[in-house]
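K.L.:
Here you go, this is target-v5.txt (compact mmCIF, C-alpha atoms (C1' of nucleotides)).
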# COMPACT_ATOMS: atom_id res chain seq x y z
CA MET A 1 5.90 15.87 -31.03
CA ALA A 2 6.64 12.75 -33.02
CA LEU A 3 10.19 12.64 -34.24
CA LYS A 4 10.79 13.25 -37.91
CA TYR A 5 13.84 12.36 -39.93
CA SER A 6 16.32 15.09 -40.76
CA ARG A 7 19.46 14.84 -42.81
CA GLN A 8 21.18 17.31 -40.54
CA ARG A 9 20.49 15.26 -37.43
CA GLU A 10 21.69 12.15 -39.20
CA ALA A 11 24.93 13.86 -40.18
CA ILE A 12 25.48 15.10 -36.62
CA LYS A 13 24.88 11.64 -35.20
CA GLU A 14 27.02 10.00 -37.87
CA PHE A 15 29.90 12.38 -37.19
CA LEU A 16 29.70 11.94 -33.45
CA MET A 17 29.50 8.16 -33.57
CA ASN A 18 32.94 7.93 -35.11
CA ARG A 19 34.60 10.21 -32.59
CA LYS A 20 36.36 9.46 -29.39
CA ASP A 21 37.66 12.95 -28.68
CA HIS A 22 34.41 14.26 -27.15
CA PRO A 23 33.80 17.24 -29.42
CA THR A 24 31.95 20.36 -28.37
CA ALA A 25 28.85 21.65 -30.16
CA ASP A 26 31.04 24.11 -31.99
CA ALA A 27 33.43 21.39 -33.12
CA VAL A 28 30.49 19.37 -34.42
CA TYR A 29 29.24 22.48 -36.20
CA MET A 30 32.60 23.12 -37.86
CA GLU A 31 32.73 19.58 -39.15
CA VAL A 32 29.12 19.03 -40.23
CA ARG A 33 29.29 22.36 -42.02
CA LYS A 34 31.54 20.72 -44.59
CA GLU A 35 28.64 18.56 -45.68
CA PHE A 36 25.87 21.09 -44.94
CA PRO A 37 27.35 24.53 -45.49
CA ASN A 38 24.10 26.22 -44.47
CA ILE A 39 23.52 24.36 -41.26
CA SER A 40 22.95 26.63 -38.32
CA LEU A 41 24.73 26.40 -34.99
CA GLY A 42 21.30 26.41 -33.39
CA THR A 43 20.39 23.26 -35.30
CA VAL A 44 23.52 21.56 -34.01
CA TYR A 45 22.71 22.53 -30.43
CA ARG A 46 19.07 21.51 -30.84
CA ASN A 47 19.95 18.09 -32.19
CA LEU A 48 22.72 17.39 -29.72
CA THR A 49 20.31 18.18 -26.90
CA LEU A 50 17.69 15.96 -28.53
CA LEU A 51 20.13 13.08 -28.94
CA ALA A 52 21.26 13.50 -25.35
CA ASP A 53 17.65 13.48 -24.14
CA LEU A 54 17.01 10.32 -26.16
CA GLY A 55 20.02 8.75 -24.51
CA GLU A 56 21.82 8.24 -27.80
CA VAL A 57 24.77 10.39 -26.80
CA ALA A 58 26.08 11.66 -23.49
CA ARG A 59 26.64 15.25 -22.51
CA VAL A 60 29.98 15.47 -20.75
CA ASN A 61 31.11 18.17 -18.35
CA VAL A 62 34.83 18.45 -17.66
CA GLY A 63 34.76 21.82 -15.97
CA ASP A 64 35.95 23.92 -18.90
CA GLY A 65 32.63 25.71 -19.20
CA VAL A 66 31.77 24.01 -22.48
CA ASP A 67 29.66 20.91 -22.99
CA HIS A 68 31.29 17.98 -24.74
CA PHE A 69 29.45 15.11 -26.42
CA ASP A 70 30.26 11.44 -26.25
CA PRO A 71 28.74 8.62 -28.33
CA ASN A 72 29.59 6.22 -25.52
CA THR A 73 26.69 6.44 -23.09
CA ALA A 74 27.97 3.67 -20.83
CA LEU A 75 29.21 4.76 -17.42
CA HIS A 76 32.87 5.70 -17.63
CA TYR A 77 35.17 8.48 -16.52
CA HIS A 78 36.85 11.37 -18.26
CA PHE A 79 40.13 13.14 -18.04
CA THR A 80 40.86 16.62 -19.33
CA CYS A 81 44.29 18.10 -19.93
CA ARG A 82 44.86 21.52 -18.42
CA GLU A 83 47.55 22.15 -20.97
CA CYS A 84 45.83 21.40 -24.29
CA GLY A 85 42.23 20.98 -23.17
CA CYS A 86 41.80 17.54 -24.72
CA VAL A 87 39.28 15.13 -23.23
CA GLN A 88 40.01 11.43 -22.94
CA ASP A 89 38.34 8.35 -21.55
CA LEU A 90 39.84 6.80 -18.48
CA ASP A 91 40.04 3.07 -18.06
CA ILE A 92 39.06 2.63 -14.43
CA ASP A 93 38.02 -0.95 -13.78
CA ASN A 94 35.20 -0.45 -11.41
CA ILE A 95 34.68 2.74 -9.52
CA VAL A 96 33.79 2.22 -5.90
CA ASN A 97 30.30 2.88 -4.77
CA ILE A 98 30.84 6.45 -3.67
CA ASN A 99 27.11 7.10 -3.84
CA GLU A 100 26.58 4.77 -0.92
CA MET A 101 29.44 6.35 0.98
CA ALA A 102 27.85 9.72 0.42
CA SER A 103 24.45 8.46 1.55
CA ALA A 104 25.70 7.82 5.06
CA ASN A 105 24.94 10.71 7.42
CA PHE A 106 22.75 12.32 4.79
CA ASP A 107 19.02 12.86 5.09
CA GLY A 108 18.31 13.35 1.38
CA GLU A 109 18.53 10.94 -1.54
CA ILE A 110 21.72 10.65 -3.54
CA GLY A 111 20.72 10.27 -7.18
CA GLY A 112 24.20 10.07 -8.60
CA ASN A 113 27.50 11.83 -8.94
CA VAL A 114 29.62 13.59 -11.49
CA THR A 115 33.32 12.85 -11.42
CA TYR A 116 36.04 13.88 -13.78
CA PHE A 117 39.81 14.01 -13.57
CA TYR A 118 42.25 16.65 -14.68
CA GLY A 119 45.99 16.98 -15.07
CA ILE A 120 48.41 16.77 -17.94
CA CYS A 121 47.95 14.32 -20.79
CA GLY A 122 50.66 11.99 -22.06
CA LYS A 123 51.35 14.02 -25.15
CA CYS A 124 51.77 17.31 -23.29
CA LYS A 125 53.80 15.61 -20.57
CA ARG A 126 56.30 14.35 -23.13
CA LYS A 127 56.40 17.72 -24.82
CA LEU A 128 57.24 19.47 -21.55
CA LEU A 129 60.05 17.02 -20.82
CA SER A 130 61.83 17.63 -24.10
CA MET B 131 50.57 44.49 -8.45
CA ALA B 132 50.82 44.72 -4.69
CA LEU B 133 47.56 44.11 -2.94
CA LYS B 134 45.77 47.11 -1.50
CA TYR B 135 43.10 47.09 1.12
CA SER B 136 39.53 47.62 0.03
CA ARG B 137 36.41 47.84 2.18
CA GLN B 138 34.41 46.05 -0.49
CA ARG B 139 36.74 43.08 -0.54
CA GLU B 140 36.66 42.94 3.22
CA ALA B 141 32.86 42.94 3.22
CA ILE B 142 32.75 40.18 0.62
CA LYS B 143 35.16 38.05 2.60
CA GLU B 144 33.38 38.77 5.87
CA PHE B 145 30.02 37.81 4.40
CA LEU B 146 31.33 34.61 2.84
CA MET B 147 33.16 33.46 5.96
CA ASN B 148 29.91 33.19 7.88
CA ARG B 149 28.12 31.17 5.22
CA LYS B 150 27.73 27.49 4.75
CA ASP B 151 25.24 27.56 1.88
CA HIS B 152 27.85 28.13 -0.85
CA PRO B 153 26.49 31.35 -2.36
CA THR B 154 26.98 32.37 -5.97
CA ALA B 155 28.61 35.64 -7.00
CA ASP B 156 25.16 37.09 -7.52
CA ALA B 157 24.02 36.03 -4.06
CA VAL B 158 27.10 37.68 -2.57
CA TYR B 159 26.35 40.78 -4.60
CA MET B 160 22.74 40.93 -3.39
CA GLU B 161 23.86 40.71 0.21
CA VAL B 162 26.91 42.98 0.19
CA ARG B 163 24.84 45.55 -1.64
CA LYS B 164 22.95 46.15 1.60
CA GLU B 165 26.13 47.56 3.10
CA PHE B 166 27.57 49.00 -0.12
CA PRO B 167 24.61 50.02 -2.27
CA ASN B 168 26.89 51.16 -5.08
CA ILE B 169 29.06 48.08 -5.24
CA SER B 170 29.33 46.68 -8.72
CA LEU B 171 28.76 43.06 -9.67
CA GLY B 172 32.11 43.22 -11.45
CA THR B 173 33.80 44.10 -8.17
CA VAL B 174 32.22 41.08 -6.52
CA TYR B 175 33.42 38.81 -9.31
CA ARG B 176 36.89 40.35 -9.29
CA ASN B 177 37.29 39.89 -5.57
CA LEU B 178 35.85 36.41 -5.44
CA THR B 179 38.32 35.40 -8.13
CA LEU B 180 41.13 37.10 -6.22
CA LEU B 181 40.20 35.38 -2.97
CA ALA B 182 39.97 32.05 -4.76
CA ASP B 183 43.39 32.61 -6.35
CA LEU B 184 44.82 33.46 -2.94
CA GLY B 185 43.37 30.24 -1.62
CA GLU B 186 41.18 32.00 0.94
CA VAL B 187 37.96 30.65 -0.51
CA ALA B 188 37.12 27.76 -2.81
CA ARG B 189 35.29 27.96 -6.11
CA VAL B 190 32.76 25.14 -6.22
CA ASN B 191 31.22 23.62 -9.34
CA VAL B 192 28.06 21.58 -8.88
CA GLY B 193 27.08 21.39 -12.52
CA ASP B 194 24.39 24.05 -12.50
CA GLY B 195 26.36 26.36 -14.73
CA VAL B 196 27.04 28.86 -11.93
CA ASP B 197 30.07 29.08 -9.70
CA HIS B 198 29.51 28.80 -5.97
CA PHE B 199 31.93 29.96 -3.30
CA ASP B 200 32.90 28.19 -0.13
CA PRO B 201 34.92 29.59 2.81
CA ASN B 202 35.95 26.03 3.64
CA THR B 203 38.98 25.32 1.47
CA ALA B 204 39.65 21.90 2.98
CA LEU B 205 38.98 18.91 0.75
CA HIS B 206 35.36 17.87 1.08
CA TYR B 207 32.45 16.93 -1.12
CA HIS B 208 29.28 18.68 -2.17
CA PHE B 209 25.73 17.71 -2.87
CA THR B 210 23.24 19.72 -4.90
CA CYS B 211 19.48 19.26 -4.90
CA ARG B 212 17.88 18.97 -8.31
CA GLU B 213 14.63 20.16 -6.82
CA CYS B 214 15.60 23.39 -5.05
CA GLY B 215 19.18 23.86 -6.24
CA CYS B 216 20.64 24.10 -2.74
CA VAL B 217 24.25 23.10 -2.18
CA GLN B 218 25.33 21.23 0.94
CA ASP B 219 28.47 19.70 2.33
CA LEU B 220 28.65 15.94 2.51
CA ASP B 221 30.18 14.18 5.44
CA ILE B 222 32.06 11.33 3.80
CA ASP B 223 34.35 9.66 6.33
CA ASN B 224 37.14 8.48 4.19
CA ILE B 225 37.17 9.06 0.48
CA VAL B 226 38.99 6.46 -1.53
CA ASN B 227 42.00 7.40 -3.56
CA ILE B 228 40.34 7.54 -6.93
CA ASN B 229 43.23 9.54 -8.36
CA GLU B 230 45.46 6.51 -8.02
CA MET B 231 42.84 4.26 -9.54
CA ALA B 232 42.63 6.64 -12.47
CA SER B 233 46.39 6.74 -12.86
CA ALA B 234 46.53 3.06 -13.76
CA ASN B 235 46.61 2.48 -17.52
CA PHE B 236 47.11 6.19 -18.13
CA ASP B 237 50.16 7.77 -19.67
CA GLY B 238 49.56 11.32 -18.43
CA GLU B 239 49.60 12.78 -14.93
CA ILE B 240 46.43 12.92 -12.87
CA GLY B 241 46.47 16.23 -11.02
CA GLY B 242 43.17 15.81 -9.24
CA ASN B 243 39.50 15.27 -9.68
CA VAL B 244 36.22 17.06 -9.32
CA THR B 245 33.40 15.09 -7.75
CA TYR B 246 29.99 16.22 -6.69
CA PHE B 247 26.76 14.46 -5.89
CA TYR B 248 23.21 15.29 -6.86
CA GLY B 249 19.75 14.10 -5.93
CA ILE B 250 17.04 15.38 -3.66
CA CYS B 251 17.76 17.07 -0.36
CA GLY B 252 16.13 16.12 2.92
CA LYS B 253 13.84 19.12 2.97
CA CYS B 254 12.53 18.57 -0.55
CA LYS B 255 12.21 14.83 0.06
CA ARG B 256 9.96 15.43 3.03
CA LYS B 257 7.95 18.00 1.14
CA LEU B 258 7.31 15.55 -1.70
CA LEU B 259 6.15 12.86 0.70
CA SER B 260 3.51 15.03 2.33
C1' DT C 261 0.97 11.74 -56.76
C1' DA C 262 -0.96 15.83 -54.38
C1' DT C 263 -1.85 17.70 -50.05
C1' DA C 264 -1.95 19.13 -45.52
C1' DA C 265 -0.32 18.66 -40.74
C1' DA C 266 3.57 18.60 -37.97
C1' DA C 267 8.30 18.81 -37.18
C1' DA C 268 12.83 20.73 -38.42
C1' DT C 269 15.50 24.26 -40.23
C1' DG C 270 18.35 28.75 -40.76
C1' DA C 271 18.91 33.16 -39.30
C1' DT C 272 18.93 35.99 -35.77
C1' DA C 273 17.81 37.84 -31.35
C1' DA C 274 17.84 36.96 -26.50
C1' DT C 275 19.75 35.25 -22.18
C1' DC C 276 22.91 34.46 -18.57
C1' DA C 277 27.22 34.17 -16.20
C1' DT C 278 31.32 36.21 -16.41
C1' DT C 279 35.11 39.32 -18.06
C1' DT C 280 36.97 43.43 -19.76
C1' DC C 281 37.13 48.19 -20.41
C1' DT C 282 37.88 53.09 -18.65
C1' DA C 283 37.47 57.11 -16.20
C1' DT C 284 37.23 58.08 -11.35
C1' DT C 285 38.15 57.14 -6.41
C1' DA C 286 40.58 55.07 -2.52
C1' DT C 287 44.76 53.47 -0.39
C1' DT C 288 49.46 53.68 0.52
C1' DT C 289 54.06 55.58 0.56
C1' DC C 290 57.11 59.30 1.21
C1' DG D 291 49.51 66.30 1.97
C1' DA D 292 50.89 64.90 -2.82
C1' DA D 293 52.29 61.38 -6.00
C1' DA D 294 51.97 56.63 -7.37
C1' DT D 295 49.17 52.86 -8.06
C1' DA D 296 45.62 49.60 -6.96
C1' DA D 297 40.58 49.24 -6.72
C1' DT D 298 36.19 50.78 -7.88
C1' DA D 299 31.57 51.66 -10.45
C1' DG D 300 29.32 51.43 -14.42
C1' DA D 301 28.82 49.87 -18.70
C1' DA D 302 30.01 47.40 -22.69
C1' DA D 303 31.86 43.02 -24.44
C1' DT D 304 32.18 38.13 -24.51
C1' DG D 305 31.08 33.25 -25.14
C1' DA D 306 28.09 29.42 -24.67
C1' DT D 307 23.64 28.31 -25.11
C1' DT D 308 18.53 28.84 -25.85
C1' DA D 309 14.46 30.91 -27.85
C1' DT D 310 11.82 32.86 -31.66
C1' DC D 311 9.75 32.73 -36.07
C1' DA D 312 9.04 32.59 -40.84
C1' DT D 313 10.18 29.13 -44.20
C1' DT D 314 11.30 24.44 -45.69
C1' DT D 315 11.14 19.19 -45.06
C1' DT D 316 9.20 15.18 -43.85
C1' DT D 317 5.46 12.03 -43.65
C1' DA D 318 0.93 10.20 -43.33
C1' DT D 319 -3.09 9.97 -46.03
C1' DA D 320 -6.63 11.05 -49.57
Using structure tokens, write down the structure from this file.
P.N.:
Amino acid sequence: MALKYSRQREAIKEFLMNRKDHPTADAVYMEVRKEFPNISLGTVYRNLTLLADLGEVARVNVGDGVDHFDPNTALHYHFTCRECGCVQDLDIDNIVNINEMASANFDGEIGGNVTYFYGICGKCKRKLLS
Amino acid sequence: MALKYSRQREAIKEFLMNRKDHPTADAVYMEVRKEFPNISLGTVYRNLTLLADLGEVARVNVGDGVDHFDPNTALHYHFTCRECGCVQDLDIDNIVNINEMASANFDGEIGGNVTYFYGICGKCKRKLLS
DNA sequence: TATAAAAATGATAATCATTTCTATTATTTC
DNA sequence: GAAATAATAGAAATGATTATCATTTTTATA
């Protein structure tokens, strides 16, 4: 199944590349629809999955039951606000090697881990204090 | 809404308390159904949610899109096998304080984190090598 | 440039975990 | 034991995601 160009996929990628708020498939759909009013939600899902499989974007899980997408595929950590639901990058210098810690006393193979943080974001924190 | 006793809830709790394989709501349903053939899946969900809210069991997310339930509510980490889907506890001596690491350079409040590990379990590893 | 093969699309149906309804049943209180 | 109210069973609803399929685009080639 050789890849073929598609304007829709290009628009999805283009939109995502300029985002740092980790939009969901539906958010991408809402936005790309402005340029392609007939685009189908299925096409958005299909292309996001394709891009994720190609390693061009990352699928991010922050425990809210909805997949988010991130143009930054480098290893980094996410925070999600329980108040407003926003997703942000966290600037953690160098996460310890928890995979090795987990490997001790374990007879299987640790392939990796998923870690995300939650709490209240700066904006919501300030709002609650006023 | 004062809590009232229910035999179904008791059976669900009883079943879960003796498990260390982190069953899903459906797995609980399948089992409790042997004692209560008419129990509804909705009742299982309702009670698992209630027990989780009461802090009597823990809801565990291992990224497979299904909630698992754990009678052990103490802080500990989980591993899930990408081969067979099993969920196991990990014996990590002393987990680092990643919440504090995440709090640096962050203007919100870190409330906690979700961390789970994935890979191939001992049983599947051995099976693949034979 | 026309054409034909293959991939991508839009529309919609299907799936799957979970939640929500509602009439009925069980538990508790008096 | 009867009234009040929480819990249930069963079924429908929901929300995110995937699958299906006839039609349209893309692209390699004659």
K.L.:
Could you work out how far C1' of DA303 in chain D lies from CA of Gly193 in chain B, giving the answer in Å with one decimal?
P.N.:
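Taking CA of Gly193 in chain B and C1' of DA303 in chain D, their separation equals 25.2 Å.
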K.L.:
In the coordinate frame of the file, compute which residues have an atom within 9 Å of (37.8, 26.7, -6.3) when using only C-alpha atoms (C1' of nucleotides), and state them as a ChimeraX atom specification.
P.N.:
/B:179,182-183,185,187-191,197-200,203
K.L.:
Take CA of Cys86 in chain A and CA of Asp21 in chain A and report the distance between them in Å, one decimal.
P.N.:
7.3 Å
K.L.:
Determine the nearest neighbour of DT288 in chain C from the options B:Ile228, B:Val196, B:Ala157, B:Ala132, counting all atoms listed in the file.
P.N.:
B:Ala132
K.L.:
At a cut-off of 8 Å, using all atoms listed in the file, what residues contact range 267-271 of chain C? Leave out same-chain residues fewer than 3 positions from it and give the result as a PyMOL selection string.
P.N.:
(chain A and resi 1-4+6+38-40+43) or (chain D and resi 314-316)
K.L.:
Taking 6 positions as the minimum chain separation for residues in the same chain, which residues sit within 10 Å of DT308 in chain D when counting only C-alpha atoms (C1' of nucleotides)? Answer as number ranges by chain.
P.N.:
A: 42, 45-46; C: 274-275
K.L.:
Calculated over all atoms listed in the file, which of the candidates A:Val44, A:Leu128, A:Leu16, A:Ile92 has the smallest distance to chain D?
P.N.:
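For chain D, the nearest of the candidates is A:Val44.
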K.L.:
Taking only C-alpha atoms (C1' of nucleotides) into account, report as a ChimeraX atom specification which residues of chain C lie within 9 Å of chain B.
P.N.:
/C:277-279,286-288
K.L.:
So what do you get for C1' of DT307 in chain D versus CA of Cys214 in chain B, distance-wise?
P.N.:
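Those two atoms sit 22.2 Å apart.
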K.L.:
Using the file's own x, y and z axes, so that the box edges lie along x, y and z, what centre and edge lengths in Å (one decimal) does a box around every listed atom of range 226-245 of chain B get when 4 Å is added on each side? Give it as AutoDock Vina command-line options.
P.N.:
--center_x 41.8 --center_y 9.8 --center_z -10.6 --size_x 24.8 --size_y 22.6 --size_z 26.1
K.L.:
Within 8 Å of Ile110 in chain A, counting all atoms listed in the file, which residues qualify if same-chain residues fewer than 5 places away don't, as a VMD selection string?
P.N.:
(chain A and resid 99 102 to 103) or (chain B and resid 247 to 250)
K.L.:
What's around DA302 in chain D at 12 Å? Count all atoms listed in the file, leave out sequence neighbours fewer than 6 positions away in its own chain, and write the answer as a PyMOL selection string.
P.N.:
chain C and resi 279-282
K.L.:
Compare B:Glu213, B:Glu186, B:Asp221, B:Glu165 by their minimum atom-to-atom distance to chain A, counting only C-alpha atoms, and give me the closest one.
P.N.:
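Once distances to chain A are computed over only C-alpha atoms, the minimum belongs to B:Asp221.
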K.L.:
Taking only C-alpha atoms (C1' of nucleotides) into account, report as a ChimeraX atom specification which residues of chain D lie within 9 Å of chain B.
P.N.:
/D:295-300
K.L.:
Point out the residue among A:Arg126, A:His76, A:Leu50, A:Thr24 with the least atom-to-atom distance to Val114 in chain A, counting all atoms listed in the file.
P.N.:
A:His76
K.L.:
Given the point (4.1, 13.3, -54.7) in the file's coordinates, find the residues that have an atom at most 12 Å from it, counting only C-alpha atoms (C1' of nucleotides), and give them as a PyMOL selection string.
P.N.:
(chain C and resi 261-263) or (chain D and resi 317+319)
K.L.:
Measuring atom to atom with only C-alpha atoms, identify which of B:Asp194, B:Leu259, B:Gly241, B:Arg149 is nearest to chain A.
P.N.:
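Among the listed residues, the smallest separation from chain A belongs to B:Gly241.
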K.L.:
Which is closest to chain B among A:Asn97, A:Asn18, A:Gln88, A:Asn105, if we use only C-alpha atoms?
P.N.:
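Among the listed residues, A:Asn105 lies closest to chain B.
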